[in-house]
file work-v5.csv (CSV, C-alpha atoms)
chain,number,residue,atom,x,y,z
A,1,MET,CA,-72.8,-6.2,-22.3
A,2,ARG,CA,-75.2,-7.8,-24.8
A,3,ARG,CA,-74.5,-11.3,-26.1
A,4,ASP,CA,-74.3,-10.1,-29.8
A,5,ILE,CA,-71.7,-7.5,-28.8
A,6,ARG,CA,-69.6,-10.2,-27.0
A,7,ARG,CA,-69.9,-12.5,-30.0
A,8,GLU,CA,-68.7,-9.9,-32.4
A,9,ILE,CA,-65.7,-9.0,-30.1
A,10,ARG,CA,-64.8,-12.7,-30.1
A,11,ARG,CA,-65.0,-12.9,-33.9
A,12,ILE,CA,-62.8,-9.8,-34.2
A,13,ILE,CA,-60.0,-10.9,-32.0
A,14,GLY,CA,-60.2,-14.6,-33.1
A,15,GLY,CA,-60.4,-16.0,-29.6
A,16,GLN,CA,-62.3,-16.0,-26.4
A,17,ILE,CA,-63.1,-13.1,-24.2
A,18,LYS,CA,-63.5,-12.9,-20.4
A,19,SER,CA,-66.7,-11.4,-19.0
A,20,ASN,CA,-67.3,-10.0,-15.5
A,21,VAL,CA,-63.8,-11.0,-14.3
A,22,SER,CA,-62.4,-9.3,-11.2
A,23,LEU,CA,-59.6,-6.8,-12.0
A,24,SER,CA,-57.9,-7.7,-8.7
A,25,GLY,CA,-56.1,-10.5,-10.6
A,26,TYR,CA,-54.8,-8.0,-13.2
A,27,THR,CA,-53.5,-5.2,-10.9
A,28,SER,CA,-50.4,-5.1,-8.6
A,29,PHE,CA,-52.6,-3.6,-5.9
A,30,HIS,CA,-54.8,-6.7,-6.1
A,31,VAL,CA,-58.0,-4.6,-6.0
A,32,GLY,CA,-60.7,-3.7,-8.4
A,33,GLY,CA,-64.2,-4.8,-9.3
A,34,PRO,CA,-65.4,-6.7,-12.4
A,35,ALA,CA,-64.4,-5.8,-15.9
A,36,GLU,CA,-67.4,-6.1,-18.2
A,37,CYS,CA,-65.2,-7.6,-20.9
A,38,ILE,CA,-61.4,-8.4,-21.2
A,39,ALA,CA,-60.1,-9.1,-24.7
A,40,ASP,CA,-56.6,-10.3,-25.5
A,41,VAL,CA,-55.6,-8.8,-28.9
A,42,GLY,CA,-52.7,-10.4,-30.7
A,43,GLY,CA,-52.1,-8.2,-33.7
A,44,VAL,CA,-52.4,-4.8,-35.3
A,45,ASP,CA,-55.2,-5.8,-37.7
A,46,SER,CA,-57.4,-7.2,-34.8
A,47,LEU,CA,-56.7,-4.1,-32.8
A,48,ARG,CA,-57.7,-1.8,-35.7
A,49,LYS,CA,-61.0,-3.7,-36.2
A,50,LEU,CA,-61.8,-3.7,-32.5
A,51,LEU,CA,-61.2,0.0,-32.1
A,52,GLU,CA,-63.4,0.7,-35.2
A,53,PHE,CA,-66.1,-1.5,-33.7
A,54,ALA,CA,-65.9,0.1,-30.3
A,55,VAL,CA,-66.1,3.7,-31.7
A,56,LYS,CA,-68.9,2.8,-34.1
A,57,ASN,CA,-71.0,1.3,-31.3
A,58,SER,CA,-70.0,3.9,-28.6
A,59,ILE,CA,-68.4,1.4,-26.4
A,60,ASN,CA,-65.7,2.6,-24.0
A,61,TYR,CA,-62.3,0.8,-24.2
A,62,PHE,CA,-59.3,0.9,-21.8
A,63,MET,CA,-55.8,-0.4,-22.5
A,64,LEU,CA,-54.5,-2.6,-19.7
A,65,GLY,CA,-50.8,-3.3,-19.6
A,66,CYS,CA,-49.3,-5.1,-16.6
A,67,GLY,CA,-51.6,-3.3,-14.2
A,68,THR,CA,-48.7,-1.9,-12.1
A,69,ASN,CA,-49.7,1.8,-12.1
A,70,ILE,CA,-53.5,1.8,-11.8
A,71,LEU,CA,-56.2,1.8,-9.2
A,72,PRO,CA,-59.5,0.6,-10.6
A,73,SER,CA,-62.7,1.2,-8.7
A,74,ASP,CA,-64.5,-1.4,-6.7
A,75,SER,CA,-67.4,-1.2,-9.2
A,76,GLY,CA,-65.0,-2.3,-12.0
A,77,LEU,CA,-64.9,-1.1,-15.6
A,78,LYS,CA,-67.6,-0.9,-18.2
A,79,GLY,CA,-66.8,-1.5,-21.9
A,80,ILE,CA,-63.8,-3.4,-23.3
A,81,VAL,CA,-60.5,-3.9,-21.4
A,82,ILE,CA,-57.9,-4.5,-24.0
A,83,LYS,CA,-54.7,-6.5,-23.3
A,84,LEU,CA,-52.1,-6.5,-26.1
A,85,LYS,CA,-50.5,-9.9,-26.7
A,86,GLY,CA,-48.7,-11.8,-29.5
A,87,GLU,CA,-46.9,-9.5,-32.0
A,88,PHE,CA,-47.1,-6.7,-29.4
A,89,GLU,CA,-44.8,-8.7,-27.1
A,90,LYS,CA,-42.0,-9.0,-29.7
A,91,PHE,CA,-38.9,-6.8,-30.2
A,92,GLU,CA,-36.0,-6.5,-32.6
A,93,ILE,CA,-32.5,-5.2,-32.2
A,94,SER,CA,-30.5,-3.8,-35.1
A,95,GLY,CA,-27.2,-2.2,-34.1
A,96,THR,CA,-28.0,0.3,-31.4
A,97,SER,CA,-31.7,0.6,-32.5
A,98,VAL,CA,-34.5,-1.3,-30.8
A,99,VAL,CA,-38.1,-1.6,-32.1
A,100,ALA,CA,-40.4,-3.0,-29.4
A,101,GLY,CA,-44.0,-3.9,-29.3
A,102,SER,CA,-45.8,-1.9,-26.6
A,103,ALA,CA,-46.5,-5.0,-24.5
A,104,VAL,CA,-42.8,-6.0,-24.2
A,105,LYS,CA,-41.9,-6.2,-20.5
A,106,LEU,CA,-39.3,-3.8,-19.4
A,107,ASN,CA,-37.0,-6.3,-17.6
A,108,ASP,CA,-37.1,-8.7,-20.5
A,109,LEU,CA,-36.0,-5.9,-22.8
A,110,LEU,CA,-33.3,-4.8,-20.4
A,111,LYS,CA,-31.8,-8.3,-20.2
A,112,LYS,CA,-31.7,-8.7,-24.0
A,113,THR,CA,-30.1,-5.3,-24.6
A,114,MET,CA,-27.6,-6.0,-21.9
A,115,ASP,CA,-26.7,-9.3,-23.6
A,116,ASN,CA,-26.1,-7.3,-26.8
A,117,ASP,CA,-23.8,-4.8,-25.0
A,118,LEU,CA,-26.4,-2.0,-25.3
A,119,SER,CA,-26.8,0.6,-22.6
A,120,GLY,CA,-29.1,3.4,-21.8
A,121,ILE,CA,-32.1,1.7,-20.2
A,122,GLU,CA,-30.4,0.5,-17.0
A,123,PHE,CA,-32.8,2.8,-15.1
A,124,MET,CA,-35.6,0.3,-16.0
A,125,SER,CA,-34.1,-2.3,-13.7
A,126,GLY,CA,-36.8,-3.3,-11.2
A,127,ILE,CA,-39.5,-1.2,-12.8
A,128,PRO,CA,-42.5,-3.5,-13.4
A,129,GLY,CA,-44.6,-3.1,-16.4
A,130,SER,CA,-44.4,-2.8,-20.2
A,131,ILE,CA,-42.6,-0.5,-22.6
A,132,GLY,CA,-45.9,1.1,-23.7
A,133,GLY,CA,-46.9,1.9,-20.2
A,134,ALA,CA,-43.4,3.3,-19.5
A,135,VAL,CA,-43.8,5.7,-22.4
A,136,VAL,CA,-47.2,6.8,-21.2
A,137,THR,CA,-45.8,7.6,-17.7
A,138,ASN,CA,-42.3,8.7,-18.9
A,139,ALA,CA,-41.1,6.2,-16.4
A,140,GLY,CA,-37.6,6.6,-14.9
A,141,THR,CA,-35.4,7.4,-12.0
A,142,ALA,CA,-32.6,9.9,-11.2
A,143,ASP,CA,-30.5,7.7,-13.6
A,144,GLY,CA,-32.7,8.3,-16.7
A,145,LYS,CA,-36.2,8.3,-18.1
A,146,MET,CA,-38.0,7.1,-21.2
A,147,GLU,CA,-37.8,10.3,-23.2
A,148,ASP,CA,-34.0,10.1,-23.0
A,149,VAL,CA,-33.8,6.9,-25.1
A,150,LEU,CA,-37.1,7.2,-27.1
A,151,GLU,CA,-36.8,7.9,-30.9
A,152,TRP,CA,-40.4,7.5,-32.0
A,153,VAL,CA,-43.8,6.1,-31.0
A,154,GLU,CA,-46.2,4.2,-33.2
A,155,LEU,CA,-49.8,5.1,-32.4
A,156,MET,CA,-53.1,3.8,-33.6
A,157,GLU,CA,-55.9,6.4,-33.8
A,158,LYS,CA,-59.5,5.7,-32.9
A,159,SER,CA,-60.2,5.4,-36.6
A,160,GLY,CA,-57.7,2.5,-36.8
A,161,ARG,CA,-55.1,4.6,-38.7
A,162,VAL,CA,-51.5,3.9,-37.6
A,163,LYS,CA,-49.0,6.7,-37.5
A,164,ARG,CA,-45.4,7.0,-36.4
A,165,VAL,CA,-44.7,10.1,-34.3
A,166,PRO,CA,-41.1,11.3,-33.6
A,167,LYS,CA,-40.1,12.1,-30.1
A,168,GLU,CA,-39.8,15.8,-30.9
A,169,SER,CA,-43.6,15.9,-31.5
A,170,ILE,CA,-44.5,14.4,-28.1
A,171,ARG,CA,-44.6,16.6,-25.1
A,172,PHE,CA,-43.1,15.1,-21.9
A,173,SER,CA,-43.1,16.1,-18.3
A,174,TYR,CA,-42.3,14.5,-15.0
A,175,ARG,CA,-43.9,11.1,-15.0
A,176,LYS,CA,-46.1,11.9,-18.0
A,177,SER,CA,-46.2,12.0,-21.7
A,178,TYR,CA,-49.0,13.7,-23.6
A,179,ILE,CA,-50.5,10.9,-25.8
A,180,PRO,CA,-53.8,11.9,-27.3
A,181,ALA,CA,-56.8,10.4,-25.5
A,182,GLY,CA,-58.1,7.2,-27.1
A,183,GLU,CA,-54.9,6.6,-29.2
A,184,VAL,CA,-53.1,3.4,-28.5
A,185,ILE,CA,-49.3,2.8,-28.5
A,186,THR,CA,-48.5,-0.2,-30.6
A,187,ALA,CA,-44.7,0.0,-30.9
A,188,VAL,CA,-41.8,2.2,-29.8
A,189,GLY,CA,-38.4,2.9,-31.3
A,190,LEU,CA,-35.4,3.3,-29.0
A,191,LYS,CA,-31.8,4.5,-29.6
A,192,LEU,CA,-29.2,3.1,-27.2
A,193,GLY,CA,-25.5,3.2,-26.9
A,194,ASN,CA,-22.7,0.6,-26.8
A,195,SER,CA,-21.1,-0.4,-23.5
A,196,LYS,CA,-19.4,-3.4,-22.0
A,197,LYS,CA,-21.8,-5.8,-20.4
A,198,SER,CA,-19.7,-5.7,-17.1
A,199,ASP,CA,-20.3,-1.9,-17.0
A,200,ILE,CA,-24.0,-2.3,-17.7
A,201,ILE,CA,-24.3,-4.8,-14.8
A,202,LYS,CA,-22.6,-2.3,-12.5
A,203,ARG,CA,-25.0,0.4,-13.4
A,204,ILE,CA,-28.0,-2.0,-12.9
A,205,GLU,CA,-26.7,-3.0,-9.5
A,206,ARG,CA,-26.4,0.7,-8.5
A,207,VAL,CA,-30.0,1.3,-9.6
A,208,LYS,CA,-31.1,-1.8,-7.6
A,209,GLN,CA,-29.2,-0.5,-4.5
A,210,SER,CA,-31.1,2.8,-4.7
A,211,ARG,CA,-34.4,0.9,-4.5
A,212,ILE,CA,-33.3,-1.3,-1.6
A,213,ASN,CA,-35.6,0.5,0.9
A,214,GLN,CA,-38.7,0.2,-1.3
A,215,PRO,CA,-41.2,-2.1,0.4
A,216,GLY,CA,-42.5,-5.4,-0.9
A,217,GLY,CA,-46.1,-6.5,-0.9
A,218,PHE,CA,-49.1,-5.6,-3.1
A,219,SER,CA,-48.7,-2.0,-4.2
A,220,ALA,CA,-48.5,0.2,-7.3
A,221,GLY,CA,-45.1,1.7,-6.5
A,222,SER,CA,-44.9,5.4,-5.7
A,223,VAL,CA,-48.4,6.8,-5.1
A,224,PHE,CA,-47.6,10.5,-5.5
A,225,LYS,CA,-45.2,12.4,-7.8
A,226,ASN,CA,-42.4,14.2,-6.0
A,227,PRO,CA,-43.3,17.9,-5.8
A,228,LYS,CA,-40.9,20.7,-6.4
A,229,GLY,CA,-38.9,21.7,-3.3
A,230,ASN,CA,-36.5,20.0,-0.9
A,231,MET,CA,-38.8,17.3,0.4
A,232,THR,CA,-40.0,14.2,-1.5
A,233,ALA,CA,-43.6,13.0,-1.3
A,234,GLY,CA,-42.6,10.3,1.1
A,235,GLN,CA,-40.8,12.7,3.4
A,236,LEU,CA,-43.9,15.0,3.4
A,237,ILE,CA,-46.3,12.1,4.2
A,238,GLU,CA,-43.9,10.8,6.9
A,239,GLY,CA,-43.5,14.4,8.3
A,240,ALA,CA,-47.3,14.6,8.5
A,241,GLY,CA,-47.3,11.6,10.9
A,242,LEU,CA,-49.0,9.2,8.5
A,243,LYS,CA,-46.5,6.4,8.3
A,244,CYS,CA,-48.2,3.1,9.2
A,245,LYS,CA,-51.7,4.7,9.0
A,246,ALA,CA,-54.2,2.1,8.0
A,247,ILE,CA,-57.7,2.2,6.6
A,248,GLY,CA,-59.3,-1.2,6.2
A,249,GLY,CA,-56.9,-3.5,4.6
A,250,ALA,CA,-54.6,-0.8,3.2
A,251,VAL,CA,-51.7,0.8,5.0
A,252,ILE,CA,-49.1,3.5,4.4
A,253,SER,CA,-45.8,1.6,4.4
A,254,LYS,CA,-43.5,1.8,7.4
A,255,GLU,CA,-40.5,1.5,5.0
A,256,HIS,CA,-41.5,4.2,2.6
A,257,ALA,CA,-44.4,6.6,3.2
A,258,ASN,CA,-45.0,7.1,-0.6
A,259,PHE,CA,-46.1,3.5,-0.9
A,260,ILE,CA,-49.6,2.2,0.1
A,261,ILE,CA,-49.7,-1.6,0.7
A,262,ASN,CA,-52.6,-3.9,0.4
A,263,LYS,CA,-51.9,-5.9,3.5
A,264,GLY,CA,-54.8,-8.3,2.7
A,265,GLY,CA,-58.4,-7.7,2.0
A,266,ALA,CA,-58.0,-4.1,1.0
A,267,THR,CA,-60.6,-2.5,-1.3
A,268,SER,CA,-60.0,0.3,-3.8
A,269,LYS,CA,-62.1,2.5,-1.5
A,270,ASP,CA,-59.6,1.8,1.4
A,271,ILE,CA,-56.7,2.9,-0.8
A,272,ARG,CA,-58.5,6.0,-2.1
A,273,LYS,CA,-59.3,7.1,1.4
A,274,LEU,CA,-55.6,6.9,2.4
A,275,ILE,CA,-54.7,8.8,-0.8
A,276,LYS,CA,-57.3,11.5,0.2
A,277,LEU,CA,-56.1,11.6,3.8
A,278,ALA,CA,-52.4,12.0,2.7
A,279,ARG,CA,-53.2,14.8,0.3
A,280,GLU,CA,-55.4,16.7,2.8
A,281,THR,CA,-52.9,16.3,5.7
A,282,VAL,CA,-49.9,17.3,3.7
A,283,ARG,CA,-51.7,20.3,2.2
A,284,LYS,CA,-52.8,21.4,5.7
A,285,LYS,CA,-49.3,21.0,7.2
A,286,TYR,CA,-47.0,22.0,4.4
A,287,GLY,CA,-49.2,23.8,1.9
A,288,VAL,CA,-48.2,21.3,-0.8
A,289,ASN,CA,-50.7,19.7,-3.1
A,290,LEU,CA,-49.5,16.2,-3.8
A,291,LYS,CA,-50.4,14.8,-7.3
A,292,PRO,CA,-51.0,11.1,-7.8
A,293,GLU,CA,-48.5,9.2,-9.9
A,294,ILE,CA,-50.8,6.3,-10.2
A,295,ARG,CA,-53.9,6.4,-12.5
A,296,ILE,CA,-57.1,6.3,-10.6
A,297,LEU,CA,-59.9,4.7,-12.7
A,298,GLU,CA,-63.6,5.2,-12.3
A,299,GLY,CA,-66.2,2.5,-13.1

call {"tool": "encode", "arguments": {"input": "work-v5.csv", "output": "structure tokens"}}
result
Amino acid sequence: MRRDIRREIRRIIGGQIKSNVSLSGYTSFHVGGPAECIADVGGVDSLRKLLEFAVKNSINYFMLGCGTNILPSDSGLKGIVIKLKGEFEKFEISGTSVVAGSAVKLNDLLKKTMDNDLSGIEFMSGIPGSIGGAVVTNAGTADGKMEDVLEWVELMEKSGRVKRVPKESIRFSYRKSYIPAGEVITAVGLKLGNSKKSDIIKRIERVKQSRINQPGGFSAGSVFKNPKGNMTAGQLIEGAGLKCKAIGGAVISKEHANFIINKGGATSKDIRKLIKLARETVRKKYGVNLKPEIRILEG
């Protein structure tokens, strides 16, 4: 990236940028090559100017939340990697309504709503990441999902125009919402319910108990979406004999076959090879086409 481009990005965001920084420090997989430019953006006005600048100069941009659901390539990412900070990390509670910036961490929001005797997002317990990312992926469990509590989403278009979109205008599916390409979630509105804090705690504990068998280590959570049918993705991969299968520094977890763990020194290529092997083996044995739940990014 040219020096004058970097200088203009610094001016727009009112701070420093990071150049050619490894994405391994920004992803839960702890893999990924260098990002050409990482910019922390603290407000709507700075974000608007940055998007306008990127579009005008044909520069690619990518929104990076907590990095818990992505697999960047070993060659890294060209263009501007944008991390939302500042006002995007704030939220307000009014009655049973919550307005949250897209960079608000899920577990911080859960704790605060619980302290205010508000229920409905107990399913978020233990899910890493931000509220914006949770909307993009329609994050959830058997106990609930984002679309159940969402009222509206505030989006910034490529032009910099901000619009508020009601939930009814957003199409949701299993682990996905259909946000137009290039548009950025800046804030979300949630509608919760009243409940005793003691009851909320019980529901959170139940959710935590359901995740007790999920493995630790460097991973991005479930690699594949659960397909239709009686068998989960993990059961299919285990049934295909791939538990504990390792390629380089990556291994299919012995605790849960739908998790790939970076056991140390793994590359994105190692993980991608395991993903490909799992898909091909399961397709051959069961005739099921597993679809990735994580986002696989090219350079």

call {"tool": "closest_atom_pairs", "arguments": {"input": "work-v5.csv", "of": "region 136-203 of chain A", "to": "region 288-296 of chain A", "cutoff": "9 Å", "atoms": "all atoms listed in the file", "output": "CSV"}}
result
residue,atom,partner,partner_atom,distance
A:Thr137,CA,A:Glu293,CA,8.4
A:Arg175,CA,A:Glu293,CA,7.1
A:Lys176,CA,A:Glu293,CA,8.9

call {"tool": "residues_around", "arguments": {"input": "work-v5.csv", "residues": "region 44-57 of chain A", "least_positions_apart": "5", "cutoff": "9 Å", "atoms": "only C-alpha atoms", "output": "MDAnalysis selection string"}}
result
chainID A and resid 8:9 12:14 79:80 82 84 87:88 156:162 186

call {"tool": "closest_residue", "arguments": {"input": "work-v5.csv", "among": "A:Val184, A:Gly101, A:Tyr178, A:Val282", "to": "Met63 (chain A)", "atoms": "only C-alpha atoms"}}
result
A:Val184

call {"tool": "closest_residue", "arguments": {"input": "work-v5.csv", "among": "A:Gly248, A:Gly129, A:Gly287, A:Gly15", "to": "Leu274 (chain A)", "atoms": "all atoms listed in the file"}}
result
A:Gly248

call {"tool": "atom_distance", "arguments": {"input": "work-v5.csv", "atom1": "CA of Arg211 (chain A)", "atom2": "CA of Ile170 (chain A)"}}
result
29.0 Å

call {"tool": "residues_around", "arguments": {"input": "work-v5.csv", "residues": "region 218-222 of chain A", "least_positions_apart": "2", "cutoff": "6 Å", "atoms": "only C-alpha atoms", "output": "PDB file with C-alpha atoms, in the frame of the given file"}}
result
ATOM      1  CA  SER A  28     -50.400  -5.100  -8.600  1.00  0.00           C
ATOM      2  CA  PHE A  29     -52.600  -3.600  -5.900  1.00  0.00           C
ATOM      3  CA  THR A  68     -48.700  -1.900 -12.100  1.00  0.00           C
ATOM      4  CA  ASN A  69     -49.700   1.800 -12.100  1.00  0.00           C
ATOM      5  CA  PHE A 224     -47.600  10.500  -5.500  1.00  0.00           C
ATOM      6  CA  ASN A 258     -45.000   7.100  -0.600  1.00  0.00           C
ATOM      7  CA  PHE A 259     -46.100   3.500  -0.900  1.00  0.00           C
ATOM      8  CA  ILE A 261     -49.700  -1.600   0.700  1.00  0.00           C
ATOM      9  CA  ASN A 262     -52.600  -3.900   0.400  1.00  0.00           C
TER      10      ASN A 262
END

call {"tool": "atom_distance", "arguments": {"input": "work-v5.csv", "atom1": "CA of Gly65 (chain A)", "atom2": "CA of His256 (chain A)"}}
result
25.2 Å

call {"tool": "closest_residue", "arguments": {"input": "work-v5.csv", "among": "A:Gly25, A:Gly43, A:Gly95, A:Gly229", "to": "Leu190 (chain A)", "atoms": "all atoms listed in the file"}}
result
A:Gly95

call {"tool": "atom_distance", "arguments": {"input": "work-v5.csv", "atom1": "CA of Leu297 (chain A)", "atom2": "CA of Tyr174 (chain A)"}}
result
20.3 Å

call {"tool": "closest_residue", "arguments": {"input": "work-v5.csv", "among": "A:Ile237, A:Ala39, A:Leu192, A:Ala139", "to": "Asn116 (chain A)", "atoms": "all atoms listed in the file"}}
result
A:Leu192

call {"tool": "closest_residue", "arguments": {"input": "work-v5.csv", "among": "A:Leu71, A:Ile179, A:Leu118, A:Val251", "to": "Val149 (chain A)", "atoms": "all atoms listed in the file"}}
result
A:Leu118

call {"tool": "closest_residue", "arguments": {"input": "work-v5.csv", "among": "A:Lys225, A:Ser73, A:Val81, A:Leu277", "to": "Ala246 (chain A)", "atoms": "all atoms listed in the file"}}
result
A:Leu277

call {"tool": "residues_near_point", "arguments": {"input": "work-v5.csv", "point": "(-23.9, -12.8, -21.5)", "cutoff": "12 Å", "atoms": "all atoms listed in the file", "output": "list in words"}}
result
Lys111, Lys112, Thr113, Met114, Asp115, Asn116, Asp117, Leu118, Lys196, Lys197, Ser198, Ile200 and Ile201 of chain A

call {"tool": "residues_around", "arguments": {"input": "work-v5.csv", "residues": "region 105-109 of chain A", "least_positions_apart": "5", "cutoff": "7 Å", "atoms": "only C-alpha atoms", "output": "MDAnalysis selection string"}}
result
chainID A and resid 124:125 128:131

call {"tool": "build_atoms", "arguments": {"input": "work-v5.csv", "residues": "region 244-273 of chain A", "atoms": "N, CA and C atoms", "output": "PDB file, keeping the file's coordinate frame"}}
result
ATOM      1  N   CYS A 244     -47.520   4.183   8.556  1.00  0.00           N
ATOM      2  CA  CYS A 244     -48.200   3.100   9.200  1.00  0.00           C
ATOM      3  C   CYS A 244     -49.712   3.324   9.405  1.00  0.00           C
ATOM      4  N   LYS A 245     -50.224   4.461   8.919  1.00  0.00           N
ATOM      5  CA  LYS A 245     -51.700   4.700   9.000  1.00  0.00           C
ATOM      6  C   LYS A 245     -52.398   3.715   8.146  1.00  0.00           C
ATOM      7  N   ALA A 246     -53.417   3.082   8.720  1.00  0.00           N
ATOM      8  CA  ALA A 246     -54.200   2.100   8.000  1.00  0.00           C
ATOM      9  C   ALA A 246     -55.641   2.416   7.934  1.00  0.00           C
ATOM     10  N   ILE A 247     -56.240   2.079   6.809  1.00  0.00           N
ATOM     11  CA  ILE A 247     -57.700   2.200   6.600  1.00  0.00           C
ATOM     12  C   ILE A 247     -58.119   0.841   6.001  1.00  0.00           C
ATOM     13  N   GLY A 248     -58.940   0.100   6.711  1.00  0.00           N
ATOM     14  CA  GLY A 248     -59.300  -1.200   6.200  1.00  0.00           C
ATOM     15  C   GLY A 248     -58.112  -2.089   6.010  1.00  0.00           C
ATOM     16  N   GLY A 249     -57.990  -2.676   4.836  1.00  0.00           N
ATOM     17  CA  GLY A 249     -56.900  -3.500   4.600  1.00  0.00           C
ATOM     18  C   GLY A 249     -55.689  -2.853   3.899  1.00  0.00           C
ATOM     19  N   ALA A 250     -55.728  -1.525   3.838  1.00  0.00           N
ATOM     20  CA  ALA A 250     -54.600  -0.800   3.200  1.00  0.00           C
ATOM     21  C   ALA A 250     -53.847  -0.001   4.258  1.00  0.00           C
ATOM     22  N   VAL A 251     -52.538   0.113   4.062  1.00  0.00           N
ATOM     23  CA  VAL A 251     -51.700   0.800   5.000  1.00  0.00           C
ATOM     24  C   VAL A 251     -50.584   1.566   4.319  1.00  0.00           C
ATOM     25  N   ILE A 252     -50.246   2.736   4.852  1.00  0.00           N
ATOM     26  CA  ILE A 252     -49.100   3.500   4.400  1.00  0.00           C
ATOM     27  C   ILE A 252     -47.838   2.808   4.914  1.00  0.00           C
ATOM     28  N   SER A 253     -46.952   2.414   4.024  1.00  0.00           N
ATOM     29  CA  SER A 253     -45.800   1.600   4.400  1.00  0.00           C
ATOM     30  C   SER A 253     -44.916   2.207   5.444  1.00  0.00           C
ATOM     31  N   LYS A 254     -44.447   1.363   6.347  1.00  0.00           N
ATOM     32  CA  LYS A 254     -43.500   1.800   7.400  1.00  0.00           C
ATOM     33  C   LYS A 254     -42.105   2.010   6.773  1.00  0.00           C
ATOM     34  N   GLU A 255     -41.823   1.321   5.662  1.00  0.00           N
ATOM     35  CA  GLU A 255     -40.500   1.500   5.000  1.00  0.00           C
ATOM     36  C   GLU A 255     -40.402   2.699   4.158  1.00  0.00           C
ATOM     37  N   HIS A 256     -41.499   3.063   3.495  1.00  0.00           N
ATOM     38  CA  HIS A 256     -41.500   4.200   2.600  1.00  0.00           C
ATOM     39  C   HIS A 256     -42.893   4.768   2.512  1.00  0.00           C
ATOM     40  N   ALA A 257     -43.055   5.990   2.982  1.00  0.00           N
ATOM     41  CA  ALA A 257     -44.400   6.600   3.200  1.00  0.00           C
ATOM     42  C   ALA A 257     -45.093   6.912   1.852  1.00  0.00           C
ATOM     43  N   ASN A 258     -44.380   6.845   0.728  1.00  0.00           N
ATOM     44  CA  ASN A 258     -45.000   7.100  -0.600  1.00  0.00           C
ATOM     45  C   ASN A 258     -45.555   5.822  -1.190  1.00  0.00           C
ATOM     46  N   PHE A 259     -45.578   4.747  -0.405  1.00  0.00           N
ATOM     47  CA  PHE A 259     -46.100   3.500  -0.900  1.00  0.00           C
ATOM     48  C   PHE A 259     -47.351   3.137   0.003  1.00  0.00           C
ATOM     49  N   ILE A 260     -48.413   2.730  -0.634  1.00  0.00           N
ATOM     50  CA  ILE A 260     -49.600   2.200   0.100  1.00  0.00           C
ATOM     51  C   ILE A 260     -49.614   0.691  -0.244  1.00  0.00           C
ATOM     52  N   ILE A 261     -49.734  -0.123   0.786  1.00  0.00           N
ATOM     53  CA  ILE A 261     -49.700  -1.600   0.700  1.00  0.00           C
ATOM     54  C   ILE A 261     -51.058  -2.172   0.944  1.00  0.00           C
ATOM     55  N   ASN A 262     -51.449  -3.102   0.109  1.00  0.00           N
ATOM     56  CA  ASN A 262     -52.600  -3.900   0.400  1.00  0.00           C
ATOM     57  C   ASN A 262     -52.134  -5.055   1.280  1.00  0.00           C
ATOM     58  N   LYS A 263     -52.395  -4.941   2.574  1.00  0.00           N
ATOM     59  CA  LYS A 263     -51.900  -5.900   3.500  1.00  0.00           C
ATOM     60  C   LYS A 263     -52.777  -7.179   3.566  1.00  0.00           C
ATOM     61  N   GLY A 264     -53.851  -7.151   2.792  1.00  0.00           N
ATOM     62  CA  GLY A 264     -54.800  -8.300   2.700  1.00  0.00           C
ATOM     63  C   GLY A 264     -56.198  -7.860   2.907  1.00  0.00           C
ATOM     64  N   GLY A 265     -56.989  -8.076   1.865  1.00  0.00           N
ATOM     65  CA  GLY A 265     -58.400  -7.700   2.000  1.00  0.00           C
ATOM     66  C   GLY A 265     -58.731  -6.280   1.719  1.00  0.00           C
ATOM     67  N   ALA A 266     -57.765  -5.496   1.254  1.00  0.00           N
ATOM     68  CA  ALA A 266     -58.000  -4.100   1.000  1.00  0.00           C
ATOM     69  C   ALA A 266     -58.977  -3.927  -0.189  1.00  0.00           C
ATOM     70  N   THR A 267     -59.737  -2.858  -0.181  1.00  0.00           N
ATOM     71  CA  THR A 267     -60.600  -2.500  -1.300  1.00  0.00           C
ATOM     72  C   THR A 267     -59.985  -1.241  -1.962  1.00  0.00           C
ATOM     73  N   SER A 268     -60.441  -0.966  -3.158  1.00  0.00           N
ATOM     74  CA  SER A 268     -60.000   0.300  -3.800  1.00  0.00           C
ATOM     75  C   SER A 268     -60.445   1.471  -2.965  1.00  0.00           C
ATOM     76  N   LYS A 269     -61.599   1.368  -2.343  1.00  0.00           N
ATOM     77  CA  LYS A 269     -62.100   2.500  -1.500  1.00  0.00           C
ATOM     78  C   LYS A 269     -61.157   2.726  -0.330  1.00  0.00           C
ATOM     79  N   ASP A 270     -60.612   1.659   0.281  1.00  0.00           N
ATOM     80  CA  ASP A 270     -59.600   1.800   1.400  1.00  0.00           C
ATOM     81  C   ASP A 270     -58.436   2.628   0.910  1.00  0.00           C
ATOM     82  N   ILE A 271     -57.909   2.245  -0.241  1.00  0.00           N
ATOM     83  CA  ILE A 271     -56.700   2.900  -0.800  1.00  0.00           C
ATOM     84  C   ILE A 271     -57.007   4.351  -1.127  1.00  0.00           C
ATOM     85  N   ARG A 272     -58.170   4.589  -1.737  1.00  0.00           N
ATOM     86  CA  ARG A 272     -58.500   6.000  -2.100  1.00  0.00           C
ATOM     87  C   ARG A 272     -58.706   6.845  -0.881  1.00  0.00           C
ATOM     88  N   LYS A 273     -59.209   6.282   0.197  1.00  0.00           N
ATOM     89  CA  LYS A 273     -59.300   7.100   1.400  1.00  0.00           C
ATOM     90  C   LYS A 273     -57.981   7.455   1.980  1.00  0.00           C
TER      91      LYS A 273
END
